[in-house]
>>> print(open('model-v8.txt').read())   # compact mmCIF, C-alpha atoms and all ligand atoms
# COMPACT_ATOMS: atom_id res chain seq x y z
CA MET A 1 425.12 232.35 -27.33
CA SER A 2 421.49 233.11 -26.49
CA THR A 3 420.50 236.73 -25.86
CA PHE A 4 418.85 235.54 -22.68
CA ASP A 5 421.79 233.56 -21.34
CA GLU A 6 423.12 235.71 -18.48
CA ALA A 7 424.99 232.69 -17.08
CA SER A 8 427.55 232.95 -19.84
CA LYS A 9 427.75 236.74 -19.50
CA GLY A 10 428.95 236.96 -15.94
CA ALA A 11 425.93 236.31 -13.71
CA LYS A 12 427.08 234.66 -10.50
CA MET A 13 426.00 231.03 -10.70
CA SER A 14 427.59 229.35 -7.70
CA PHE A 15 426.59 229.98 -4.11
CA ALA A 16 428.41 227.22 -2.31
CA LYS A 17 430.42 229.85 -0.42
CA ASP A 18 428.30 233.01 -0.68
CA LYS A 19 424.99 234.03 0.77
CA SER A 20 422.23 233.52 -1.77
CA TYR A 21 418.66 234.74 -2.22
CA GLY A 22 417.24 231.85 -0.21
CA ASP A 23 419.79 232.35 2.57
CA TYR A 24 418.90 236.03 3.09
CA LEU A 25 415.20 235.31 3.10
CA GLY A 26 415.38 232.23 5.31
CA LEU A 27 413.41 230.32 2.68
CA ASP A 28 414.56 226.98 4.08
CA GLN A 29 412.49 227.72 7.15
CA ILE A 30 409.55 229.46 5.51
CA LEU A 31 408.94 226.98 2.71
CA THR A 32 409.44 223.82 4.69
CA THR A 33 407.10 224.48 7.60
CA GLU A 34 404.98 221.50 8.41
CA ASN A 35 401.58 221.39 6.77
CA PRO A 36 399.42 219.27 9.08
CA LEU A 37 396.39 219.84 6.83
CA ASP A 38 397.88 218.40 3.65
CA MET A 39 395.46 215.49 3.64
CA ALA A 40 392.89 217.91 2.14
CA HIS A 41 393.54 219.82 -1.10
CA ASP A 42 392.55 223.18 0.42
CA GLY A 43 394.65 222.74 3.55
CA LEU A 44 397.60 224.41 1.79
CA LEU A 45 395.50 227.45 0.85
CA PHE A 46 394.33 227.77 4.45
CA ILE A 47 397.82 227.51 5.91
CA ILE A 48 399.49 229.86 3.43
CA GLN A 49 396.72 232.41 3.83
CA HIS A 50 397.40 232.52 7.57
CA GLN A 51 401.17 232.36 7.31
CA THR A 52 401.29 235.27 4.86
CA SER A 53 398.86 237.24 7.03
CA GLU A 54 401.13 236.71 10.04
CA LEU A 55 404.14 237.92 8.03
CA TRP A 56 402.33 241.11 7.04
CA MET A 57 401.22 241.54 10.66
CA LYS A 58 404.85 241.28 11.73
CA LEU A 59 405.67 244.19 9.43
CA ALA A 60 402.63 246.16 10.66
CA ILE A 61 403.84 245.76 14.28
CA HIS A 62 407.33 246.91 13.26
CA GLU A 63 405.93 250.01 11.55
CA LEU A 64 403.38 250.86 14.25
CA THR A 65 406.00 250.59 16.99
CA ALA A 66 408.36 252.89 15.10
CA CYS A 67 405.47 255.21 14.28
CA ARG A 68 404.62 255.60 17.96
CA GLU A 69 408.27 256.44 18.69
CA ALA A 70 408.29 259.01 15.87
CA LEU A 71 405.15 260.64 17.29
CA GLN A 72 406.68 260.70 20.77
CA ALA A 73 409.70 262.47 19.28
CA GLY A 74 407.42 264.94 17.48
CA GLU A 75 408.55 263.63 14.07
CA LEU A 76 405.23 263.80 12.29
CA ARG A 77 406.46 263.48 8.72
CA GLN A 78 408.24 260.20 9.50
CA SER A 79 405.15 258.92 11.29
CA PHE A 80 402.95 259.72 8.25
CA LYS A 81 405.12 257.54 6.04
CA MET A 82 404.74 254.63 8.43
CA LEU A 83 400.99 255.11 8.89
CA THR A 84 400.56 255.10 5.12
CA ARG A 85 402.57 251.90 4.90
CA VAL A 86 400.45 250.19 7.56
CA ALA A 87 397.27 251.22 5.74
CA ARG A 88 398.74 249.65 2.57
CA ILE A 89 399.55 246.46 4.50
CA PHE A 90 395.90 246.26 5.50
CA GLU A 91 394.90 246.85 1.91
CA GLN A 92 397.09 243.87 1.02
CA LEU A 93 395.47 241.77 3.76
CA ASN A 94 392.05 242.87 2.55
CA SER A 95 392.75 241.75 -1.03
CA ALA A 96 394.01 238.41 0.27
CA TRP A 97 390.46 237.49 1.35
CA ASP A 98 389.61 237.13 -2.35
CA VAL A 99 391.86 234.08 -2.49
CA LEU A 100 390.39 232.46 0.63
CA ARG A 101 386.85 233.16 -0.54
CA THR A 102 387.37 230.62 -3.32
CA MET A 103 387.12 227.91 -0.65
CA THR A 104 383.64 226.46 -0.27
CA PRO A 105 382.02 225.09 2.93
CA SER A 106 382.43 221.56 1.52
CA GLU A 107 386.15 222.08 1.03
CA TYR A 108 386.65 223.63 4.49
CA THR A 109 384.65 220.92 6.24
CA ALA A 110 387.09 218.36 4.85
CA PHE A 111 389.82 219.57 7.22
CA ARG A 112 388.05 221.69 9.90
CA PRO A 113 387.92 218.77 12.38
CA TYR A 114 391.73 218.65 12.33
CA LEU A 115 391.99 222.25 13.56
CA GLY A 116 390.96 221.16 17.05
CA ALA A 117 390.60 224.18 19.35
CA SER A 118 393.02 226.33 17.36
CA SER A 119 391.73 229.62 16.01
CA GLY A 120 392.79 233.07 14.82
CA PHE A 121 391.47 234.16 18.21
CA GLN A 122 394.86 232.96 19.48
CA SER A 123 396.90 235.07 17.04
CA TYR A 124 399.30 236.91 19.29
CA GLN A 125 400.42 239.32 16.58
CA TYR A 126 396.83 240.27 15.81
CA ARG A 127 396.22 240.96 19.50
CA LEU A 128 399.41 243.00 19.69
CA ILE A 129 398.21 245.18 16.79
CA GLU A 130 394.89 245.75 18.60
CA TYR A 131 396.76 246.61 21.82
CA LEU A 132 399.18 248.93 20.00
CA LEU A 133 396.30 250.82 18.44
CA GLY A 134 394.47 251.01 21.78
CA ASN A 135 391.85 248.25 21.75
CA ARG A 136 392.99 246.48 24.90
CA ILE A 137 391.16 243.59 26.53
CA ALA A 138 393.62 242.51 29.19
CA ALA A 139 391.86 239.19 29.86
CA LEU A 140 392.88 237.93 26.41
CA THR A 141 396.57 237.74 27.38
CA LYS A 142 395.61 234.53 29.19
CA LEU A 143 395.43 232.82 25.79
CA HIS A 144 399.21 233.19 25.56
CA GLU A 145 400.29 232.03 29.00
CA HIS A 146 401.70 228.83 27.47
CA THR A 147 404.13 230.86 25.33
CA PRO A 148 406.19 233.15 27.62
CA GLU A 149 407.62 235.52 25.00
CA PRO A 150 404.41 236.51 23.23
CA HIS A 151 402.69 236.70 26.61
CA ALA A 152 405.38 239.03 27.99
CA ALA A 153 405.20 241.20 24.85
CA LEU A 154 401.44 241.65 25.26
CA VAL A 155 401.74 242.45 28.97
CA ALA A 156 404.58 244.90 28.21
CA GLU A 157 402.49 246.57 25.52
CA MET A 158 399.77 247.38 28.05
CA GLU A 159 402.32 249.28 30.10
CA LYS A 160 402.86 251.66 27.19
CA PRO A 161 400.52 254.37 25.94
CA SER A 162 398.72 253.31 22.77
CA LEU A 163 399.50 254.94 19.43
CA TYR A 164 396.26 256.90 19.76
CA GLN A 165 397.12 258.16 23.28
CA VAL A 166 400.48 259.34 21.96
CA ALA A 167 398.76 261.08 19.03
CA ILE A 168 396.35 262.80 21.44
CA ASP A 169 399.20 264.05 23.64
CA LEU A 170 400.99 265.39 20.60
CA MET A 171 397.84 267.23 19.51
CA CYS A 172 397.42 268.71 23.00
CA GLU A 173 401.02 269.87 23.03
CA ARG A 174 400.74 271.52 19.62
CA MET A 175 397.44 273.16 20.57
CA GLY A 176 398.94 274.51 23.79
CA GLU A 177 396.73 272.37 26.01
CA ALA A 178 397.53 270.06 28.95
CA PRO A 179 397.94 266.38 27.87
CA LEU A 180 394.69 264.43 27.62
CA GLY A 181 396.14 261.10 26.44
CA GLY A 182 396.31 259.75 29.97
CA ALA A 183 398.39 256.93 31.45
CA PRO A 184 398.88 253.54 29.74
CA GLU A 185 395.71 251.52 30.11
CA ALA A 186 395.00 247.80 30.21
CA LYS A 187 391.32 248.27 29.40
CA GLY A 188 391.46 250.41 26.30
CA TRP A 189 390.60 254.00 25.57
CA THR A 190 387.51 255.74 26.97
CA PRO A 191 386.27 258.52 24.65
CA LYS A 192 386.58 262.05 26.01
CA GLN A 193 384.61 265.11 24.91
CA GLU A 194 387.65 267.41 25.46
CA VAL A 195 389.63 265.32 22.99
CA GLN A 196 386.84 265.53 20.41
CA ASP A 197 386.68 269.32 20.93
CA LEU A 198 390.39 269.63 20.18
CA TRP A 199 390.11 267.51 17.02
CA GLN A 200 387.21 269.76 16.09
CA LYS A 201 389.47 272.83 16.28
CA VAL A 202 391.93 271.04 13.99
CA TYR A 203 389.24 270.19 11.43
CA GLU A 204 387.72 273.67 11.55
CA ASP A 205 391.01 275.29 10.63
CA PRO A 206 393.15 272.82 8.66
CA THR A 207 395.46 275.51 7.29
CA THR A 208 396.64 276.53 10.77
CA HIS A 209 396.84 272.96 12.07
CA TRP A 210 397.90 271.23 8.87
CA GLU A 211 400.17 268.55 10.39
CA LEU A 212 397.61 267.55 13.03
CA TYR A 213 394.94 267.55 10.33
CA GLU A 214 397.07 265.19 8.24
CA LEU A 215 397.75 263.01 11.29
CA ALA A 216 394.02 262.78 12.01
CA GLU A 217 393.24 261.74 8.44
CA LYS A 218 396.04 259.13 8.40
CA LEU A 219 394.60 257.61 11.57
CA VAL A 220 391.09 257.58 10.11
CA ASP A 221 392.48 255.95 6.97
CA LEU A 222 394.14 253.25 9.03
CA GLU A 223 390.99 252.50 10.99
CA ASP A 224 388.98 252.51 7.79
CA TYR A 225 391.21 249.73 6.35
CA PHE A 226 391.16 247.87 9.66
CA ARG A 227 387.36 247.93 9.68
CA ARG A 228 387.33 246.52 6.14
CA TRP A 229 389.56 243.68 7.35
CA ARG A 230 387.09 242.87 10.16
CA PHE A 231 384.19 243.03 7.69
CA ASN A 232 385.92 240.81 5.12
CA HIS A 233 386.74 238.31 7.86
CA VAL A 234 383.22 238.07 9.27
CA THR A 235 381.68 237.83 5.80
CA THR A 236 384.10 235.12 4.70
CA VAL A 237 383.48 233.24 7.95
CA GLU A 238 379.68 233.42 7.51
CA ARG A 239 380.07 232.28 3.92
CA ILE A 240 382.13 229.26 4.97
CA ILE A 241 380.77 228.14 8.37
CA GLY A 242 377.52 230.10 8.80
CA PHE A 243 376.63 230.51 12.48
CA LYS A 244 378.55 227.51 13.83
CA ARG A 245 380.51 228.08 17.04
CA GLY A 246 384.17 228.91 16.46
CA THR A 247 386.88 226.36 17.09
CA GLY A 248 388.29 228.91 19.57
CA GLY A 249 385.09 228.58 21.60
CA THR A 250 383.40 231.90 20.83
CA SER A 251 379.95 232.27 19.29
CA GLY A 252 381.67 232.68 15.90
CA VAL A 253 379.98 235.11 13.50
CA THR A 254 377.94 236.61 16.37
CA TYR A 255 381.19 237.43 18.22
CA LEU A 256 382.88 238.77 15.09
CA ARG A 257 379.86 240.97 14.27
CA LYS A 258 380.10 242.46 17.76
CA MET A 259 383.73 243.30 17.03
CA LEU A 260 382.59 245.39 14.04
CA GLU A 261 381.35 247.93 16.60
CA VAL A 262 384.84 248.56 18.01
CA GLU A 263 386.00 252.15 17.54
CA LEU A 264 389.76 252.47 17.69
CA PHE A 265 389.91 256.26 17.44
CA PRO A 266 386.36 257.20 18.55
CA GLU A 267 386.68 260.99 18.76
CA LEU A 268 387.96 261.13 15.19
CA TRP A 269 384.74 259.53 13.99
CA HIS A 270 382.42 261.40 16.34
CA VAL A 271 383.88 264.79 15.46
CA ARG A 272 382.53 264.40 11.94
CA GLY A 273 379.01 264.80 13.20
CA ALA A 274 379.97 268.06 14.88
CA LEU A 275 381.54 269.79 11.85
C1 LIG B 1 388.03 229.66 6.63
C2 LIG B 1 388.46 230.82 7.05
C3 LIG B 1 388.22 231.33 8.45
C4 LIG B 1 387.25 230.97 9.34
C5 LIG B 1 386.11 229.97 9.16
C6 LIG B 1 387.49 231.75 10.52
C7 LIG B 1 386.71 231.70 11.65
C8 LIG B 1 386.91 232.43 12.78
C9 LIG B 1 386.05 232.41 13.95
C10 LIG B 1 384.80 231.57 14.08
C11 LIG B 1 386.58 233.26 14.86
C12 LIG B 1 386.06 233.52 16.28
C13 LIG B 1 386.92 232.87 17.28
C14 LIG B 1 386.62 231.39 17.45
O1 LIG B 1 385.74 231.06 18.27
O2 LIG B 1 387.25 230.57 16.77
C15 LIG B 1 387.77 233.83 14.28
C16 LIG B 1 388.60 234.73 14.90
C17 LIG B 1 389.73 235.26 14.33
N1 LIG B 1 390.25 234.94 13.10
FE1 LIG B 1 389.41 233.79 11.72
N2 LIG B 1 388.57 232.56 10.32
C18 LIG B 1 389.06 232.32 9.07
C19 LIG B 1 390.15 232.91 8.50
C20 LIG B 1 391.00 233.78 9.12
C21 LIG B 1 392.19 234.35 8.53
C22 LIG B 1 392.67 234.15 7.09
C23 LIG B 1 392.77 235.12 9.46
C24 LIG B 1 394.03 235.88 9.27
C25 LIG B 1 395.02 235.84 10.08
C26 LIG B 1 391.97 235.03 10.66
C27 LIG B 1 392.21 235.66 11.84
C28 LIG B 1 391.38 235.67 12.92
C29 LIG B 1 391.61 236.50 14.09
C30 LIG B 1 392.74 237.46 14.30
C31 LIG B 1 390.55 236.25 14.96
C32 LIG B 1 390.30 236.94 16.31
C33 LIG B 1 389.40 238.14 16.08
C34 LIG B 1 389.06 238.92 17.32
O3 LIG B 1 389.28 238.44 18.44
O4 LIG B 1 388.55 240.05 17.17
N3 LIG B 1 390.90 234.22 10.40
N4 LIG B 1 387.94 233.32 13.02
N1 LIG B 2 387.90 229.59 14.05
C1 LIG B 2 387.84 228.79 12.82
C2 LIG B 2 389.13 228.04 12.67
C3 LIG B 2 390.11 228.95 12.13
O1 LIG B 2 389.72 229.79 11.40
C4 LIG B 2 391.53 228.79 12.33
C5 LIG B 2 392.05 227.63 12.87
C6 LIG B 2 393.42 227.45 12.95
C7 LIG B 2 394.26 228.43 12.49
C8 LIG B 2 393.71 229.58 11.95
C9 LIG B 2 392.35 229.79 11.88
N2 LIG B 2 391.89 230.94 11.34
C10 LIG B 2 391.21 231.97 11.80
O2 LIG B 2 390.48 232.06 12.77
C11 LIG B 2 386.63 227.89 12.82
O3 LIG B 2 385.86 227.94 13.75
O4 LIG B 2 386.45 227.17 11.84
>>> encode(input="model-v8.txt", output="structure tokens", more="lines below")
Ligand code: HEM
Ligand SMILES: N[C@@H](CC(=O)c1ccccc1NC=O)C(=O)O
Amino acid sequence: MSTFDEASKGAKMSFAKDKSYGDYLGLDQILTTENPLDMAHDGLLFIIQHQTSELWMKLAIHELTACREALQAGELRQSFKMLTRVARIFEQLNSAWDVLRTMTPSEYTAFRPYLGASSGFQSYQYRLIEYLLGNRIAALTKLHEHTPEPHAALVAEMEKPSLYQVAIDLMCERMGEAPLGGAPEAKGWTPKQEVQDLWQKVYEDPTTHWELYELAEKLVDLEDYFRRWRFNHVTTVERIIGFKRGTGGTSGVTYLRKMLEVELFPELWHVRGAL
């Protein structure tokens, strides 16, 4: 009997009647999705890169939603755990660009015409993450009118305060101030000096405001990773298609560079210049 032969030592070998690994993970569905780009060698890389990104985004949405609830309930420690996890998810997504970067313009051009008008611009989960964090451009929900569920989820998200608004209200409450987070917005967050002033008090006396200080740094961490994702994306895009227009109809790299200017949690960045 081989030392490595667990089959003969009691490992369960038959799954005709029991749930197996593949059953729990739904691998039948995940590994047999259609690959319309399989006429080109790199089509599989392109598809898997996006599919895995969407899976990680699904987890990020799950964590960010629960994190917002934890903050609303004043459970900061639980929220920290989730914010750390989301930052790690972005780290994972950031490393994934290294795989895609191995694709040259010649290889991408072989299948780009088959993409038609499809584009990451139409990623509903990506948009939901932006909306959750507070970067809300209501007009973009139109892209999802043909798919009622994602569309409804995006519209519903705009009726909730963003994670950042919830964090601001929590800070105000703990600092004994009236809430400054404001009502749910469909046009994103407008920076407010009073909010920056309160963050400043937190940063000037971390010992007294330790939990808020930690919250602030977790949020900055998250945005830091998010910014790296945007930067990796635009650099990879420039490397592969230069300044061509995007299949989604935007100006491509010019549009993506503009997006590098987005500030998700503006006061947390601006306060640094005041310390
Ligand atoms: C060959 C690789 C890629 C190229 C050439 C590319 C190109 C582009 C371009 C040109 C845009 C602008 C919209 C348009 O007009 O199409 C865009 C947007 C976008 N792409 Fe990619 N992309 C690539 C890979 C990825 C990957 C791996 C993801 C991960 C999911 C992704 C997600 C997105 C998202 C979410 C947007 C919308 C960004 C926003 O609105 O701020 N892209 N991409
Ligand atoms: N916008 C890209 C196409 C593209 O990247 C794409 C197309 C279909 C599915 C995912 C995509 N990825 C990210 O934008 C381009 O202009 O080449």
>>> closest_atom_pairs(input="model-v8.txt", of="region 200-233 of chain A", to="region 40-63 of chain A", cutoff="12 Å", atoms="all atoms listed in the file", output="Markdown table")
| residue | atom | partner | partner_atom | distance |
| --- | --- | --- | --- | --- |
| A:Leu222 | CA | A:Ala60 | CA | 11.2 |
| A:Phe226 | CA | A:Ala60 | CA | 11.6 |
| A:Trp229 | CA | A:Ser53 | CA | 11.3 |
>>> residues_near_ligand(input="model-v8.txt", ligand="ligand LIG 1 (chain B)", cutoff="9 Å", atoms="all atoms listed in the file", output="ChimeraX atom specification")
/A:46-54,57,93,96-97,100-101,103-105,108,112,117-127,130,140,230,233-234,236-256,258-260
>>> closest_residue(input="model-v8.txt", among="A:Thr84, A:Asn135, A:Asn94, A:Gln193", to="Glu157 (chain A)", atoms="all atoms listed in the file")
A:Asn135
>>> atom_distance(input="model-v8.txt", atom1="CA of Ala138 (chain A)", atom2="CA of Leu154 (chain A)")
8.8 Å
>>> closest_residue(input="model-v8.txt", among="A:Glu107, A:Glu6, A:Asp169, A:Glu211", to="Arg68 (chain A)", atoms="all atoms listed in the file")
A:Asp169
>>> closest_residue(input="model-v8.txt", among="A:Gly116, A:Pro150, A:Pro36, A:Gly10", to="ligand LIG 2 (chain B)", atoms="all atoms listed in the file")
A:Gly116
>>> residues_near_point(input="model-v8.txt", point="(395.0, 248.3, 27.3)", cutoff="9 Å", atoms="all atoms listed in the file", output="ChimeraX atom specification")
/A:131-132,134-138,157-162,184-189
>>> axis_aligned_box(input="model-v8.txt", around="ligand LIG 2 (chain B)", padding_each_side="8 Å", output="AutoDock Vina command-line options")
--center_x 390.1 --center_y 229.6 --center_z 12.7 --size_x 24.4 --size_y 20.9 --size_z 18.7
>>> residues_near_point(input="model-v8.txt", point="(388.4, 262.4, 18.0)", cutoff="12 Å", atoms="only C-alpha atoms", output="VMD selection string")
chain A and resid 164 to 165 167 to 168 171 180 to 181 189 to 203 212 to 213 215 to 217 219 to 220 263 to 275
>>> closest_residue(input="model-v8.txt", among="A:Thr141, A:Thr65, A:Ser14, A:Asn35", to="ligand LIG 2 (chain B)", atoms="all atoms listed in the file")
A:Asn35
>>> atom_distance(input="model-v8.txt", atom1="CA of Ser106 (chain A)", atom2="atom C6 of ligand LIG 2 (chain B)")
16.9 Å
>>> atom_distance(input="model-v8.txt", atom1="CA of Gly26 (chain A)", atom2="CA of Pro148 (chain A)")
24.1 Å
>>> build_atoms(input="model-v8.txt", residues="region 73-85 of chain A", atoms="N, CA and C atoms", output="PDB file, keeping the file's coordinate frame")
ATOM      1  N   ALA A  73     408.578 261.553  19.524  1.00  0.00           N
ATOM      2  CA  ALA A  73     409.700 262.470  19.280  1.00  0.00           C
ATOM      3  C   ALA A  73     409.244 263.703  18.502  1.00  0.00           C
ATOM      4  N   GLY A  74     407.952 263.783  18.219  1.00  0.00           N
ATOM      5  CA  GLY A  74     407.420 264.940  17.480  1.00  0.00           C
ATOM      6  C   GLY A  74     407.769 264.914  16.003  1.00  0.00           C
ATOM      7  N   GLU A  75     408.166 263.731  15.500  1.00  0.00           N
ATOM      8  CA  GLU A  75     408.550 263.630  14.070  1.00  0.00           C
ATOM      9  C   GLU A  75     407.337 263.200  13.250  1.00  0.00           C
ATOM     10  N   LEU A  76     406.497 264.130  12.952  1.00  0.00           N
ATOM     11  CA  LEU A  76     405.230 263.800  12.290  1.00  0.00           C
ATOM     12  C   LEU A  76     405.400 263.272  10.873  1.00  0.00           C
ATOM     13  N   ARG A  77     406.309 263.894  10.125  1.00  0.00           N
ATOM     14  CA  ARG A  77     406.460 263.480   8.720  1.00  0.00           C
ATOM     15  C   ARG A  77     406.854 262.008   8.625  1.00  0.00           C
ATOM     16  N   GLN A  78     407.814 261.607   9.502  1.00  0.00           N
ATOM     17  CA  GLN A  78     408.240 260.200   9.500  1.00  0.00           C
ATOM     18  C   GLN A  78     407.063 259.299   9.888  1.00  0.00           C
ATOM     19  N   SER A  79     406.274 259.760  10.844  1.00  0.00           N
ATOM     20  CA  SER A  79     405.150 258.920  11.290  1.00  0.00           C
ATOM     21  C   SER A  79     404.118 258.761  10.168  1.00  0.00           C
ATOM     22  N   PHE A  80     403.933 259.807   9.347  1.00  0.00           N
ATOM     23  CA  PHE A  80     402.950 259.720   8.250  1.00  0.00           C
ATOM     24  C   PHE A  80     403.333 258.617   7.274  1.00  0.00           C
ATOM     25  N   LYS A  81     404.632 258.535   6.996  1.00  0.00           N
ATOM     26  CA  LYS A  81     405.120 257.540   6.040  1.00  0.00           C
ATOM     27  C   LYS A  81     404.760 256.142   6.553  1.00  0.00           C
ATOM     28  N   MET A  82     404.983 255.957   7.861  1.00  0.00           N
ATOM     29  CA  MET A  82     404.740 254.630   8.430  1.00  0.00           C
ATOM     30  C   MET A  82     403.237 254.321   8.497  1.00  0.00           C
ATOM     31  N   LEU A  83     402.452 255.341   8.836  1.00  0.00           N
ATOM     32  CA  LEU A  83     400.990 255.110   8.890  1.00  0.00           C
ATOM     33  C   LEU A  83     400.458 254.755   7.507  1.00  0.00           C
ATOM     34  N   THR A  84     400.997 255.411   6.488  1.00  0.00           N
ATOM     35  CA  THR A  84     400.560 255.100   5.120  1.00  0.00           C
ATOM     36  C   THR A  84     400.928 253.653   4.788  1.00  0.00           C
ATOM     37  N   ARG A  85     402.146 253.268   5.203  1.00  0.00           N
ATOM     38  CA  ARG A  85     402.570 251.900   4.900  1.00  0.00           C
ATOM     39  C   ARG A  85     401.664 250.872   5.592  1.00  0.00           C
TER      40      ARG A  85
END
